[in-house]
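Take a look at the structure below.
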Amino acid sequence: MRLVFLLICSLLARAYYAQQFVDVLKLSYRLSPNNEMLEHEGETVDINDYMVNIFLPFEQADKTYIFAGANYFSSSIGDFDVYSLSLYGGFSGHIQRESVGGWQYTTLLIPKISLDGGKIVSKDAQIGAYTLFRKKKSEKFKWKVGAYMNTERFGFLLVPIIGLEWQANESYKVDITAPMSASVRKTLNDKMMLGLQFTGRRYSYNISRSAEYLEVGDNTVNLYTDIYLTGKVVLNLQVGHSILRNYGIYNDGDDVIISFGPVDLQDDRPSPRNELSQGWNFRGGLFYRLAAN
């Protein structure tokens, strides 16, 4: 199955509830060098990813929030370029106040275009939605359950979500949003955090010039650090490796009935073209971060 937008969904899920901060602006670059083209022995390509994410929360008088934002993502796979632009809006609130064991909820609507840089056509458009419910069991432990869905080019994507948040102590935090993400984080001091994380995302781009589409299954395990350059500007550095990563091109009409993330229902598609090997990932980013409490 992290852009494009399973990444943003997991980011939004964490922004107010799993952490004590929110990143209102994120700029990042990722390099995955020397990936082998499995159909062409000896040929390699670099993957260069660029991302800009804006997240704007607006607190209401009743302590609920309205969210608005946008995400731009571009990826260069050798000399092949693809792009996506997502908008999102939604709200969060309480079914019953969390202080007495109630549920919190977050709901987002996510329209998106994903294309190869040609003229925008109807097949470039996708529409997604995301809902997450959280229940506080104690001051240190919360359950969460929800779903993400999107009209991908390979078929309808429906990802059930289950997870937990556990604040083991003042330094360590565990955050699991399966199957999209999982992380363990240690706060060293007020200037630095270290962590280990898994992110998984699955998404697609329309290739209008050849009546095809690119499907990406981007799963990575990363070590990361957040370094506070100022009180609000954060340098994020990551290094990791892909796991069961897949880049493949399919013809229009080759699709699945429904996908549950890593599992497809009735996938009779032929083998994809232009598959790539697994590889290393190096990411750097700058975040503008505000306290969420």
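If you're wondering about the labels, chains in the structure tokens are A, B, ... by order shown, residues count from 1 in each chain, ligands from 1 in order shown.
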
Where does region 44-150 of chain A meet region 166-178 of chain A within 7 Å, residue by residue, with the nearest atom pair and distance in Å to one decimal for each, counting only C-alpha atoms, listed by chain and rising number, as JSON lines?
{"residue": "A:Lys140", "atom": "CA", "partner": "A:Gln167", "partner_atom": "CA", "distance": 4.8}
{"residue": "A:Phe141", "atom": "CA", "partner": "A:Trp166", "partner_atom": "CA", "distance": 4.6}
{"residue": "A:Lys142", "atom": "CA", "partner": "A:Trp166", "partner_atom": "CA", "distance": 6.7}

Go through region 174-218 of chain A residue by residue and, counting only C-alpha atoms, keep those with an atom at most 9 Å from region 120-136 of chain A; for each kept residue give the shortest atom pair and its distance in Å to one decimal, ordered by chain and increasing number, as CSV.
residue,atom,partner,partner_atom,distance
A:Tyr205,CA,A:Asp124,CA,7.1
A:Asn206,CA,A:Asp124,CA,5.5
A:Ile207,CA,A:Asp124,CA,8.4
A:Ser208,CA,A:Val121,CA,7.7

Exercise. Using DSSP on the backbone coordinates, identify all residues within region 187-277 of chain A classified as strand (DSSP E); present the result as JSON, numbers by chain.
Key: {"A": [187, 188, 189, 192, 193, 194, 195, 196, 197, 198, 199, 200, 201, 202, 203, 204, 205, 206, 207, 212, 213, 214, 215, 216, 217, 218, 219, 220, 221, 222, 223, 224, 225, 226, 227, 228, 233, 234, 235, 236, 237, 238, 239, 240, 241, 242, 246, 247, 248, 249, 250, 251, 256, 257, 258, 259, 264, 265, 266, 267]}

Store the residues picked out above in a file with C-alpha atoms, as a short mmCIF file (atom, residue, chain, number, x, y, z; two decimals), in the first residue's frame.
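Result went into result.cif, see below:
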data_model
loop_
_atom_site.label_atom_id
_atom_site.label_comp_id
_atom_site.auth_asym_id
_atom_site.auth_seq_id
_atom_site.Cartn_x
_atom_site.Cartn_y
_atom_site.Cartn_z
CA THR A 187 12.09 12.16 22.77
CA LEU A 188 15.70 12.85 23.72
CA ASN A 189 15.23 16.47 24.80
CA MET A 192 15.52 16.24 19.19
CA MET A 193 13.44 13.09 18.65
CA LEU A 194 14.55 9.71 17.27
CA GLY A 195 12.30 7.02 15.88
CA LEU A 196 11.72 3.90 13.82
CA GLN A 197 8.72 3.84 11.49
CA PHE A 198 6.99 1.78 8.83
CA THR A 199 4.84 3.45 6.20
CA GLY A 200 2.78 1.68 3.56
CA ARG A 201 0.80 3.22 0.76
CA ARG A 202 -0.72 2.19 -2.52
CA TYR A 203 -1.71 4.64 -5.22
CA SER A 204 -1.91 5.13 -8.98
CA TYR A 205 -1.41 7.62 -11.80
CA ASN A 206 -3.19 7.86 -15.13
CA ILE A 207 -0.90 7.72 -18.19
CA GLU A 212 -2.14 2.94 -19.31
CA TYR A 213 -1.72 3.57 -15.62
CA LEU A 214 1.12 3.34 -13.13
CA GLU A 215 0.45 1.52 -9.87
CA VAL A 216 2.79 2.09 -6.93
CA GLY A 217 3.03 0.01 -3.79
CA ASP A 218 5.44 1.96 -1.62
CA ASN A 219 6.34 0.29 1.67
CA THR A 220 9.36 1.45 3.64
CA VAL A 221 11.01 1.03 7.02
CA ASN A 222 12.93 4.13 8.14
CA LEU A 223 15.03 5.44 10.96
CA TYR A 224 14.28 9.11 11.45
CA THR A 225 15.13 12.12 13.55
CA ASP A 226 13.39 15.44 14.15
CA ILE A 227 15.76 18.30 15.00
CA TYR A 228 14.33 21.64 16.12
CA VAL A 233 11.05 24.99 12.36
CA VAL A 234 11.97 21.29 12.34
CA LEU A 235 14.53 19.44 10.23
CA ASN A 236 13.37 15.88 9.49
CA LEU A 237 15.95 13.33 8.28
CA GLN A 238 15.20 9.72 7.33
CA VAL A 239 17.09 6.72 6.00
CA GLY A 240 15.52 3.38 5.26
CA HIS A 241 14.80 0.57 2.82
CA SER A 242 11.77 -0.54 0.85
CA ASN A 246 6.16 -2.33 -6.48
CA TYR A 247 6.20 0.04 -9.46
CA GLY A 248 4.28 -1.44 -12.39
CA ILE A 249 2.46 -0.27 -15.54
CA TYR A 250 -0.87 -1.80 -16.59
CA ASN A 251 -3.19 -1.27 -19.55
CA VAL A 256 -9.44 -5.46 -9.69
CA ILE A 257 -12.99 -5.58 -8.29
CA ILE A 258 -11.93 -4.14 -4.95
CA SER A 259 -8.66 -3.76 -3.07
CA ASP A 264 -7.03 -7.64 -3.83
CA LEU A 265 -10.33 -9.30 -4.65
CA GLN A 266 -10.22 -11.08 -8.02
CA ASP A 267 -6.98 -9.73 -9.45
#

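Computed from the coordinates, the CA of Ala291 (chain A) to CA of Ser84 (chain A) distance equals 29.0 Å.
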
Exercise. For Leu27 (chain A), work out the shell of residues within 12 Å, counting only C-alpha atoms and skipping chain neighbours fewer than 3 positions away, then give it as a ChimeraX atom specification.
Key: /A:23-24,30,49-55,71-73,233-237,283-289

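In terms of minimum interatomic distance to Glu165 (chain A), A:Arg185 ranks closest within A:Arg185, A:Lys26, A:Arg153, A:His94, counting only C-alpha atoms.
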
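Minimum distance to Lys144 (chain A) across A:Ser86, A:Ser277, A:Gln104, A:Ser114 (counting only C-alpha atoms) occurs at A:Gln104.
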
For Thr44 (chain A), work out the shell of residues within 8 Å, counting only C-alpha atoms and skipping chain neighbours fewer than 6 positions away, then give it as a CSV table (one decimal) with C-alpha atoms, in the first residue's frame.
chain,number,residue,atom,x,y,z
A,34,ASN,CA,20.2,2.9,-8.3
A,35,ASN,CA,17.0,0.8,-8.6
A,36,GLU,CA,17.3,-2.1,-11.0
A,37,MET,CA,14.8,-2.4,-13.8

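Near Gly93 (chain A), within 7 Å and counting only C-alpha atoms, sit Thr64, Tyr65, Phe91, Ile95, Gln104, Tyr105 and Thr106 of chain A, not including residues fewer than 2 positions from it in the same chain.
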
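Computed from the coordinates, the CA of Phe58 (chain A) to CA of Tyr29 (chain A) distance equals 27.9 Å.
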
Exercise. Counting only C-alpha atoms, figure out which residue out of A:Phe67, A:Trp280, A:Phe21, A:Phe260 gets nearest to Phe156 (chain A).
Key: A:Phe260

Exercise. Give me, please, the distance in Å between CA of Leu108 (chain A) and CA of Ala147 (chain A), quoted to one decimal.
Key: 10.8 Å

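Nearest-residue note for Lys112 (chain A): choosing from A:Ser75, A:Tyr148, A:Asp46, A:Ala70, the minimum distance belongs to A:Ala70, counting only C-alpha atoms.
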